[in-house]
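Shown below: protein-v5.cif, with mmCIF, C-alpha atoms and all ligand atoms.
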```cif
data_data
#
loop_
_atom_site.label_atom_id
_atom_site.label_comp_id
_atom_site.auth_asym_id
_atom_site.auth_seq_id
_atom_site.Cartn_x
_atom_site.Cartn_y
_atom_site.Cartn_z
CA MET A 235 -23.33 -28.80 19.33
CA LYS A 236 -23.27 -30.11 15.82
CA ASN A 237 -26.63 -30.81 14.34
CA SER A 238 -26.99 -33.75 12.04
CA SER A 239 -29.30 -36.73 12.34
CA ASN A 240 -26.40 -39.17 12.68
CA ASN A 241 -24.92 -37.15 15.45
CA GLU A 242 -28.18 -36.98 17.31
CA VAL A 243 -28.32 -40.76 17.69
CA GLY A 244 -24.75 -40.72 18.90
CA GLU A 245 -25.48 -37.98 21.40
CA LEU A 246 -28.47 -39.79 22.81
CA THR A 247 -26.45 -42.97 23.23
CA ALA A 248 -23.66 -41.06 24.96
CA ILE A 249 -26.16 -39.41 27.32
CA LEU A 250 -27.91 -42.69 28.16
CA LYS A 251 -24.63 -44.49 28.76
CA ALA A 252 -23.48 -41.66 30.98
CA GLY A 253 -26.70 -41.86 32.99
CA ASP A 254 -26.19 -45.59 33.46
CA PHE A 255 -22.56 -45.09 34.43
CA ILE A 256 -23.43 -42.35 36.96
CA GLN A 257 -25.94 -44.67 38.60
CA LYS A 258 -23.63 -47.68 38.68
CA ALA A 259 -20.80 -45.57 40.10
CA GLY A 260 -23.11 -44.64 42.98
CA ILE A 261 -22.81 -40.88 42.53
CA SER A 262 -24.99 -39.29 45.18
CA SER A 263 -23.63 -35.77 45.64
CA VAL A 264 -21.71 -32.97 43.94
CA PRO A 265 -19.01 -32.14 43.18
CA VAL A 266 -18.85 -35.68 41.84
CA ARG A 267 -15.99 -37.73 43.21
CA LEU A 268 -13.84 -38.98 40.34
CA GLU A 269 -12.72 -41.92 42.49
CA GLN A 270 -16.18 -43.44 42.24
CA TYR A 271 -16.07 -43.34 38.45
CA LEU A 272 -12.52 -44.68 38.35
CA ILE A 273 -13.36 -47.59 40.66
CA LYS A 274 -16.44 -48.46 38.61
CA ALA A 275 -14.44 -48.42 35.38
CA GLY A 276 -11.52 -50.29 36.96
CA ILE A 277 -9.09 -47.54 36.02
CA LYS A 278 -6.08 -46.34 37.94
CA LEU A 279 -5.42 -42.60 37.88
CA ILE A 280 -1.86 -41.35 38.06
CA PRO A 281 -1.22 -37.61 38.34
CA ASP A 282 1.79 -36.83 36.19
CA THR A 283 4.09 -33.86 36.58
CA ARG A 284 6.19 -34.70 33.55
CA LEU A 285 3.59 -33.97 30.91
CA LYS A 286 4.10 -30.72 29.04
CA ASP A 287 1.75 -27.80 29.52
CA THR A 288 0.21 -28.60 26.16
CA GLU A 289 -0.51 -32.20 27.19
CA ALA A 290 -3.68 -32.91 29.18
CA GLY A 291 -3.36 -36.63 29.74
CA ARG A 292 -3.10 -40.07 28.22
CA VAL A 293 -4.54 -43.54 28.48
CA ILE A 294 -2.17 -46.47 28.99
CA PRO A 295 -3.92 -49.79 28.43
CA LEU A 296 -2.00 -52.47 30.32
CA PRO A 297 -2.94 -56.17 30.19
CA ASP A 298 -4.34 -56.19 33.72
CA GLN A 299 -5.43 -52.60 34.19
CA THR A 300 -5.95 -49.39 32.30
CA ILE A 301 -4.10 -46.36 33.57
CA ILE A 302 -5.03 -42.74 32.96
CA GLU A 303 -2.29 -40.21 33.43
CA VAL A 304 -3.42 -36.64 33.91
CA ASN A 305 -1.33 -33.49 33.89
CA SER A 306 -1.22 -32.55 37.57
CA LYS A 307 0.05 -29.07 36.73
CA HIS A 308 -3.31 -28.21 35.19
CA SER A 309 -6.17 -26.78 37.22
CA ILE A 310 -8.37 -29.25 39.11
CA GLU A 311 -11.27 -28.31 36.83
CA ARG A 312 -9.30 -29.21 33.71
CA GLN A 313 -7.95 -32.40 35.25
CA ARG A 314 -11.46 -33.54 36.12
CA PHE A 315 -12.69 -32.94 32.58
CA THR A 316 -9.64 -34.60 31.04
CA VAL A 317 -10.09 -37.74 33.16
CA LEU A 318 -13.80 -38.00 32.36
CA HIS A 319 -13.11 -37.47 28.66
CA GLU A 320 -10.59 -40.33 28.73
CA ILE A 321 -13.03 -42.55 30.66
CA ALA A 322 -15.61 -41.75 27.97
CA HIS A 323 -13.32 -43.16 25.27
CA ILE A 324 -13.18 -46.42 27.23
CA ILE A 325 -16.87 -46.71 28.20
CA LEU A 326 -18.20 -45.62 24.79
CA GLU A 327 -15.56 -47.74 23.06
CA LEU A 328 -14.68 -44.85 20.81
CA PRO A 329 -11.03 -44.86 19.78
CA SER A 330 -9.21 -41.60 20.27
CA LYS A 331 -8.91 -39.40 17.25
CA HIS A 332 -6.04 -37.66 18.91
CA THR A 333 -2.60 -39.10 19.48
CA SER A 334 -1.89 -41.32 22.48
CA ILE A 335 -1.25 -38.17 24.46
CA THR A 336 -4.30 -35.93 24.64
CA THR A 337 -3.12 -32.42 23.99
CA THR A 338 -4.88 -29.43 25.49
CA ASP A 339 -5.30 -28.17 21.96
CA SER A 340 -7.29 -31.24 20.94
CA LEU A 341 -9.36 -31.20 24.13
CA TYR A 342 -10.16 -27.54 24.68
CA THR A 343 -10.28 -25.97 21.25
CA TYR A 344 -13.18 -26.42 18.92
CA SER A 345 -12.08 -25.66 15.41
CA LYS A 346 -11.76 -29.20 14.11
CA ARG A 347 -13.19 -31.65 16.61
CA PRO A 348 -14.09 -35.06 15.20
CA GLU A 349 -17.51 -36.44 16.11
CA GLU A 350 -16.03 -39.11 18.40
CA GLU A 351 -14.31 -36.45 20.45
CA ILE A 352 -17.50 -34.43 20.79
CA LEU A 353 -19.38 -37.52 21.96
CA CYS A 354 -16.72 -38.11 24.61
CA ASP A 355 -17.12 -34.49 25.71
CA ILE A 356 -20.87 -35.00 26.01
CA PHE A 357 -20.36 -38.12 28.12
CA ALA A 358 -17.81 -36.29 30.29
CA ALA A 359 -20.14 -33.31 30.76
CA GLU A 360 -23.01 -35.57 31.80
CA CYS A 361 -20.76 -37.24 34.39
CA LEU A 362 -19.49 -33.90 35.66
CA PHE A 363 -22.97 -32.38 35.89
CA PRO A 364 -25.34 -35.26 36.69
CA ARG A 365 -28.67 -33.86 35.62
CA GLN A 366 -30.56 -35.04 38.70
CA PHE A 367 -28.47 -32.58 40.72
CA PHE A 368 -27.62 -29.99 38.12
CA LYS A 369 -31.04 -29.22 36.70
CA PRO A 370 -32.62 -28.33 40.05
CA ASP A 371 -29.56 -26.26 40.96
CA VAL A 372 -29.74 -24.39 37.64
CA ASN A 373 -33.42 -23.68 38.00
CA GLN A 374 -32.89 -22.02 41.37
CA THR A 375 -30.99 -19.26 39.58
CA GLU A 376 -31.75 -16.45 37.15
CA PRO A 377 -29.56 -16.55 34.04
CA CYS A 378 -26.37 -14.52 34.40
CA MET A 379 -22.65 -15.21 34.31
CA ASP A 380 -22.40 -14.97 38.11
CA ALA A 381 -24.83 -17.86 38.47
CA VAL A 382 -22.75 -19.88 35.99
CA ASP A 383 -19.59 -18.99 37.89
CA ASP A 384 -21.08 -20.10 41.22
CA LEU A 385 -22.17 -23.41 39.73
CA ALA A 386 -18.76 -23.90 38.12
CA LYS A 387 -17.19 -23.66 41.57
CA GLN A 388 -19.83 -25.90 43.12
CA TYR A 389 -19.30 -28.60 40.48
CA GLN A 390 -15.52 -28.05 40.18
CA ALA A 391 -15.81 -27.49 36.45
CA SER A 392 -14.64 -24.90 33.95
CA LEU A 393 -16.74 -21.85 33.18
CA THR A 394 -17.17 -22.86 29.55
CA ALA A 395 -18.33 -26.39 30.37
CA THR A 396 -20.67 -25.07 33.05
CA ALA A 397 -22.17 -22.41 30.77
CA SER A 398 -22.90 -24.99 28.12
CA ARG A 399 -24.65 -27.30 30.57
CA TYR A 400 -26.39 -24.35 32.22
CA ALA A 401 -28.03 -23.31 28.96
CA ALA A 402 -28.99 -26.89 28.12
CA ASN A 403 -30.63 -27.48 31.51
CA THR A 404 -32.36 -24.22 32.36
CA ASP A 405 -36.10 -23.76 31.91
CA GLU A 406 -35.44 -20.13 30.94
CA LEU A 407 -35.00 -18.84 27.38
CA CYS A 408 -31.21 -19.05 27.41
CA ALA A 409 -28.23 -19.96 25.22
CA SER A 410 -24.49 -20.12 25.66
CA VAL A 411 -22.16 -19.42 22.77
CA LEU A 412 -18.47 -20.22 22.69
CA SER A 413 -16.50 -18.45 20.02
CA GLU A 414 -12.89 -18.93 19.10
CA ASN A 415 -10.81 -16.59 16.97
CA GLY A 416 -13.96 -14.60 16.24
CA ILE A 417 -15.93 -17.60 14.94
CA VAL A 418 -18.91 -19.20 16.70
CA ARG A 419 -17.79 -22.73 17.52
CA TYR A 420 -20.20 -24.17 20.04
CA VAL A 421 -23.79 -23.33 20.90
CA SER A 422 -25.93 -24.78 23.63
CA MET A 423 -29.47 -23.70 24.34
CA SER A 424 -32.44 -24.47 26.52
CA LYS A 425 -35.23 -26.62 25.21
CA VAL A 426 -37.74 -23.79 25.43
CA LEU A 427 -35.52 -21.43 23.46
CA ARG A 428 -34.91 -24.05 20.79
CA GLU A 429 -38.64 -24.63 20.55
CA LYS A 430 -39.09 -20.92 19.84
CA GLY A 431 -36.88 -21.33 16.79
CA PHE A 432 -33.88 -19.45 18.14
CA TRP A 433 -30.72 -20.52 16.37
CA VAL A 434 -27.14 -19.30 16.28
CA PRO A 435 -25.30 -20.92 13.36
CA ILE A 436 -22.01 -22.59 14.13
CA GLY A 437 -19.17 -21.41 11.93
CA MET A 438 -20.40 -17.85 11.47
CA GLY A 439 -18.35 -14.88 12.54
CA VAL A 440 -19.25 -13.15 15.81
CA PRO A 441 -22.23 -11.00 14.77
CA LYS A 442 -21.58 -7.30 14.31
CA LYS A 443 -22.75 -4.83 16.96
CA THR A 444 -23.17 -7.50 19.65
CA GLN A 445 -21.53 -6.78 22.97
CA LEU A 446 -19.01 -9.48 22.22
CA ASP A 447 -18.17 -7.87 18.88
CA LYS A 448 -17.60 -4.55 20.69
CA ARG A 449 -15.34 -6.18 23.22
CA LEU A 450 -13.37 -8.06 20.56
CA SER A 451 -13.01 -4.84 18.57
CA GLY A 452 -11.81 -2.96 21.65
CA LEU A 453 -14.86 -0.67 21.52
CA GLY A 454 -16.17 -1.47 24.98
CA ASN A 455 -15.36 -3.18 28.23
CA GLU A 456 -18.87 -3.74 29.51
CA LYS A 457 -19.70 -7.41 29.92
CA PHE A 458 -23.45 -6.94 29.93
CA ALA A 459 -25.74 -5.27 27.42
CA GLU A 460 -29.24 -5.55 26.14
CA VAL A 461 -29.06 -5.93 22.38
CA PRO A 462 -31.65 -6.51 19.65
CA ALA A 463 -32.11 -10.26 19.39
CA TYR A 464 -31.70 -10.18 15.63
CA TYR A 465 -28.04 -9.36 16.11
CA TRP A 466 -27.59 -12.94 17.25
CA THR A 467 -30.29 -14.81 15.35
CA ASN A 468 -31.86 -14.07 12.01
CA LYS A 469 -35.10 -15.78 12.93
CA ASP A 470 -37.98 -13.35 12.27
CA THR A 471 -39.69 -14.46 15.46
CA PHE A 472 -37.30 -12.37 17.46
CA ALA A 473 -37.17 -9.32 15.20
CA SER A 474 -38.68 -6.97 17.74
CA ARG A 475 -37.18 -8.49 20.89
CA MET A 476 -34.32 -7.37 23.07
CA LEU A 477 -31.87 -9.95 24.32
CA CYS A 478 -29.66 -9.88 27.40
CA GLU A 479 -26.05 -10.62 26.53
CA GLU A 480 -23.20 -11.16 28.94
CA SER A 481 -19.90 -11.85 27.20
CA ILE A 482 -16.50 -12.53 28.66
CA LEU A 483 -13.17 -12.91 26.93
CA LEU A 484 -11.08 -15.96 27.75
CA SER A 485 -7.49 -15.32 26.90
CA MET A 486 -6.66 -18.99 26.56
CA TRP A 487 -7.13 -20.22 22.99
CA ASN A 488 -8.50 -16.82 22.04
CA GLN A 489 -11.99 -17.83 23.11
CA ALA A 490 -14.99 -15.87 24.32
CA LEU A 491 -18.06 -17.03 26.18
CA SER A 492 -21.47 -15.42 25.80
CA LEU A 493 -24.58 -16.08 27.79
CA LEU A 494 -27.74 -14.94 26.02
CA TRP A 495 -31.20 -14.83 27.54
CA PHE A 496 -34.59 -13.20 27.33
CA GLU A 497 -35.89 -11.52 30.46
CA ASP A 498 -39.52 -12.07 29.54
CA ASP A 499 -41.22 -14.90 27.85
CA ILE A 500 -42.13 -14.41 24.21
CA PRO A 501 -45.89 -14.05 23.75
CA GLN A 502 -47.34 -16.65 21.42
CA HIS A 503 -48.86 -14.00 19.13
CA GLN A 504 -45.37 -12.62 18.43
CA ILE A 505 -44.20 -15.92 17.08
CA GLN A 506 -44.65 -16.03 13.35
CA ARG A 507 -45.78 -19.20 11.71
CA SER A 508 -43.06 -20.74 9.63
CA GLN A 509 -43.75 -22.29 6.27
CA TYR A 510 -44.47 -25.59 7.97
CA ASP A 511 -48.03 -26.80 8.36
CA GLU A 512 -49.22 -28.60 11.43
CA ASP A 513 -49.00 -31.92 9.58
CA ASP A 514 -45.33 -31.30 9.02
CA GLU A 515 -44.76 -31.31 12.75
CA LEU A 516 -44.88 -35.09 12.56
CA LEU A 517 -41.89 -35.18 10.24
CA PRO A 518 -38.67 -36.36 11.84
CA GLU A 519 -36.60 -33.58 13.29
CA LEU A 520 -33.89 -33.76 10.67
CA ASP A 521 -31.67 -31.27 12.36
CA GLY A 522 -33.10 -31.68 15.83
CA HIS A 523 -34.64 -28.24 15.71
CA LEU A 524 -38.12 -27.87 14.27
CA PRO A 525 -38.87 -24.34 13.14
CA TRP A 526 -42.25 -24.51 14.88
CA PRO A 527 -42.58 -26.18 18.25
CA GLY A 528 -46.21 -27.24 18.10
CA HIS A 529 -48.93 -26.13 20.45
CA GLY A 530 -49.17 -26.04 24.17
CA ARG A 531 -45.91 -27.75 24.97
CA ARG A 532 -45.07 -25.27 27.63
CA LYS A 533 -46.36 -22.49 29.77
CA LEU A 534 -46.76 -19.12 28.17
ZN ZN B 601 -10.42 -37.76 23.09
#
```
Here is a file; write its structure as structure tokens.
Amino acid sequence: MKNSSNNEVGELTAILKAGDFIQKAGISSVPVRLEQYLIKAGIKLIPDTRLKDTEAGRVIPLPDQTIIEVNSKHSIERQRFTVLHEIAHIILELPSKHTSITTTDSLYTYSKRPEEEILCDIFAAECLFPRQFFKPDVNQTEPCMDAVDDLAKQYQASLTATASRYAANTDELCASVLSENGIVRYVSMSKVLREKGFWVPIGMGVPKKTQLDKRLSGLGNEKFAEVPAYYWTNKDTFASRMLCEESILLSMWNQALSLLWFEDDIPQHQIQRSQYDEDDELLPELDGHLPWPGHGRRKL
């Protein structure tokens, strides 16, 4: 997720509008039924077999009704995300930054995604994983890729989308990292981990010696490893900690997905004070991630 103050307002709006839309569509179970969203938005969905493999879908605004065409040759998981992304453009009133046909490249790769497109993804993800169902489901599991995989099947969503929402919703110290062509492109993390100051910079190369680095370099096939946390984050807080890392390679778009988590909580005395004083905690969160979380916000 990009982190700028402007974006944060946009994200919040997208999340609130999604929550409103989920309620008005009468979603009461998962996997969510797209029909309910389509009816609420007054949109007709037409599966299309003529779209090329590289084309995910398109919106056709007619005078009396809007039509969404989706590539019916794609997996159900991708079709569901494509449709919700297109609905997001309509509900959020954000014009597409892509061409009239949404290509898979513009929808599923991360190298140059305009802010509007990311906001539509956020809206789509909220609709696909309504938090009133997803958060309790997530918190019944221990972090691991198998848990993410099970939830992906349960919610009929892709592994990458599920991992991102998993990390954002869990009460564990957990992050998901999507890299593409060896560059970190998307990071999602739990509130408690963010409050500890953990941060993986977007745009950096896959850190050396991580399990993912080994796999990308052909030096190992193991998905899981415990690695020093400082491999992934340069925050001093974690200098002496070990981190669980489970990384898988996704051949499509040369992507890789990593789930990172701490087995044990981090004792308060191991957290080093940053340069911020307590008074500074009242400053606005310019990047959405204060270096010091304040006192007593959570169990330790
Ligand atoms: Zn779009």
Surrounding residues as a VMD selection string, ligand ZN 601 (chain B), max 9 Å, only C-alpha atoms and all ligand atoms: chain A and resid 316 319 to 320 322 to 323 328 to 333 336 340 to 341 350 to 352 354 to 355
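Distances to A:Ile249 were evaluated for A:Val440, A:Arg365, A:Ser451, A:Cys378 using all atoms listed in the file, and the minimum falls at A:Arg365.
Our summary of the geometry notes that atom CA of A:Ile321 is positioned 27.5 Å from atom CA of A:Asn488.
If you measure from each of A:Thr300, A:Asn305, A:Thr288, A:Ser262 to A:Ala275 using all atoms listed in the file, the closest one turns out to be A:Thr300.
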Select from stretch 358-389 of chain A every residue with an atom at most 10 Å from any atom of stretch 474-481 of chain A, then for each give the shortest pair of atoms and their distance in Å to one decimal, using all atoms listed in the file, rows by chain and rising number, as a Markdown table.
```
| residue | atom | partner | partner_atom | distance |
| --- | --- | --- | --- | --- |
| A:Pro377 | CA | A:Cys478 | CA | 9.4 |
| A:Cys378 | CA | A:Glu480 | CA | 7.2 |
| A:Met379 | CA | A:Glu480 | CA | 6.7 |
| A:Asp380 | CA | A:Glu480 | CA | 10.0 |
```
Which one of A:Glu460, A:Asp498, A:Glu429, A:Asp254 sits closest to A:Thr444 if you count all atoms listed in the file? A:Glu460
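Using only C-alpha atoms, the residues found no farther than 12 Å from A:Gln445, other than those of its own chain fewer than 6 positions away, are Ser451, Gly452, Leu453, Gly454, Asn455, Glu456, Lys457, Phe458, Ala459, Glu460, Val461, Pro462, Ala463, Tyr465, Trp466, Leu477, Cys478, Glu479, Glu480, Ser481, Ile482, Leu483, Ala490, Leu491, Ser492, Leu493 and Leu494 of chain A.
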All residues 12 Å or closer to A:Gln390, all atoms listed in the file, same chain fewer than 2 positions away omitted, as a PyMOL selection string: chain A and resi 264-268+309-315+359+362-363+382-388+392-396
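Using all atoms listed in the file for every distance, the candidate list A:Val421, A:Leu285, A:Ile324, A:Ile294 yields A:Leu285 as the residue closest to A:His308.
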d(atom CA of A:Tyr464, atom CA of A:Pro435) in Å: 12.7 Å
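Closest approach to A:Lys278 among A:Ala248, A:Ala391, A:Leu407, A:Val317 is made by A:Val317 (distances from all atoms listed in the file).
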Atom CA of A:Thr471 to atom CA of A:Ser410 measures 19.2 Å
Let me make sure I understand: among A:Pro281, A:Asn403, A:Val426, A:Arg419, which one has the smallest atom-to-atom distance to A:Gln366 if we use only C-alpha atoms? A:Asn403
Hey, can you pull every residue with an atom no more than 7 Å from (-0.9, -30.3, 28.8), using all atoms listed in the file, and send it as a short mmCIF file (atom, residue, chain, number, x, y, z; two decimals) with C-alpha atoms, in the frame of the given file?
```
data_model
loop_
_atom_site.label_atom_id
_atom_site.label_comp_id
_atom_site.auth_asym_id
_atom_site.auth_seq_id
_atom_site.Cartn_x
_atom_site.Cartn_y
_atom_site.Cartn_z
CA LEU A 285 3.59 -33.97 30.91
CA LYS A 286 4.10 -30.72 29.04
CA ASP A 287 1.75 -27.80 29.52
CA THR A 288 0.21 -28.60 26.16
CA GLU A 289 -0.51 -32.20 27.19
CA ALA A 290 -3.68 -32.91 29.18
CA GLY A 291 -3.36 -36.63 29.74
CA ASN A 305 -1.33 -33.49 33.89
CA THR A 337 -3.12 -32.42 23.99
CA THR A 338 -4.88 -29.43 25.49
#
```
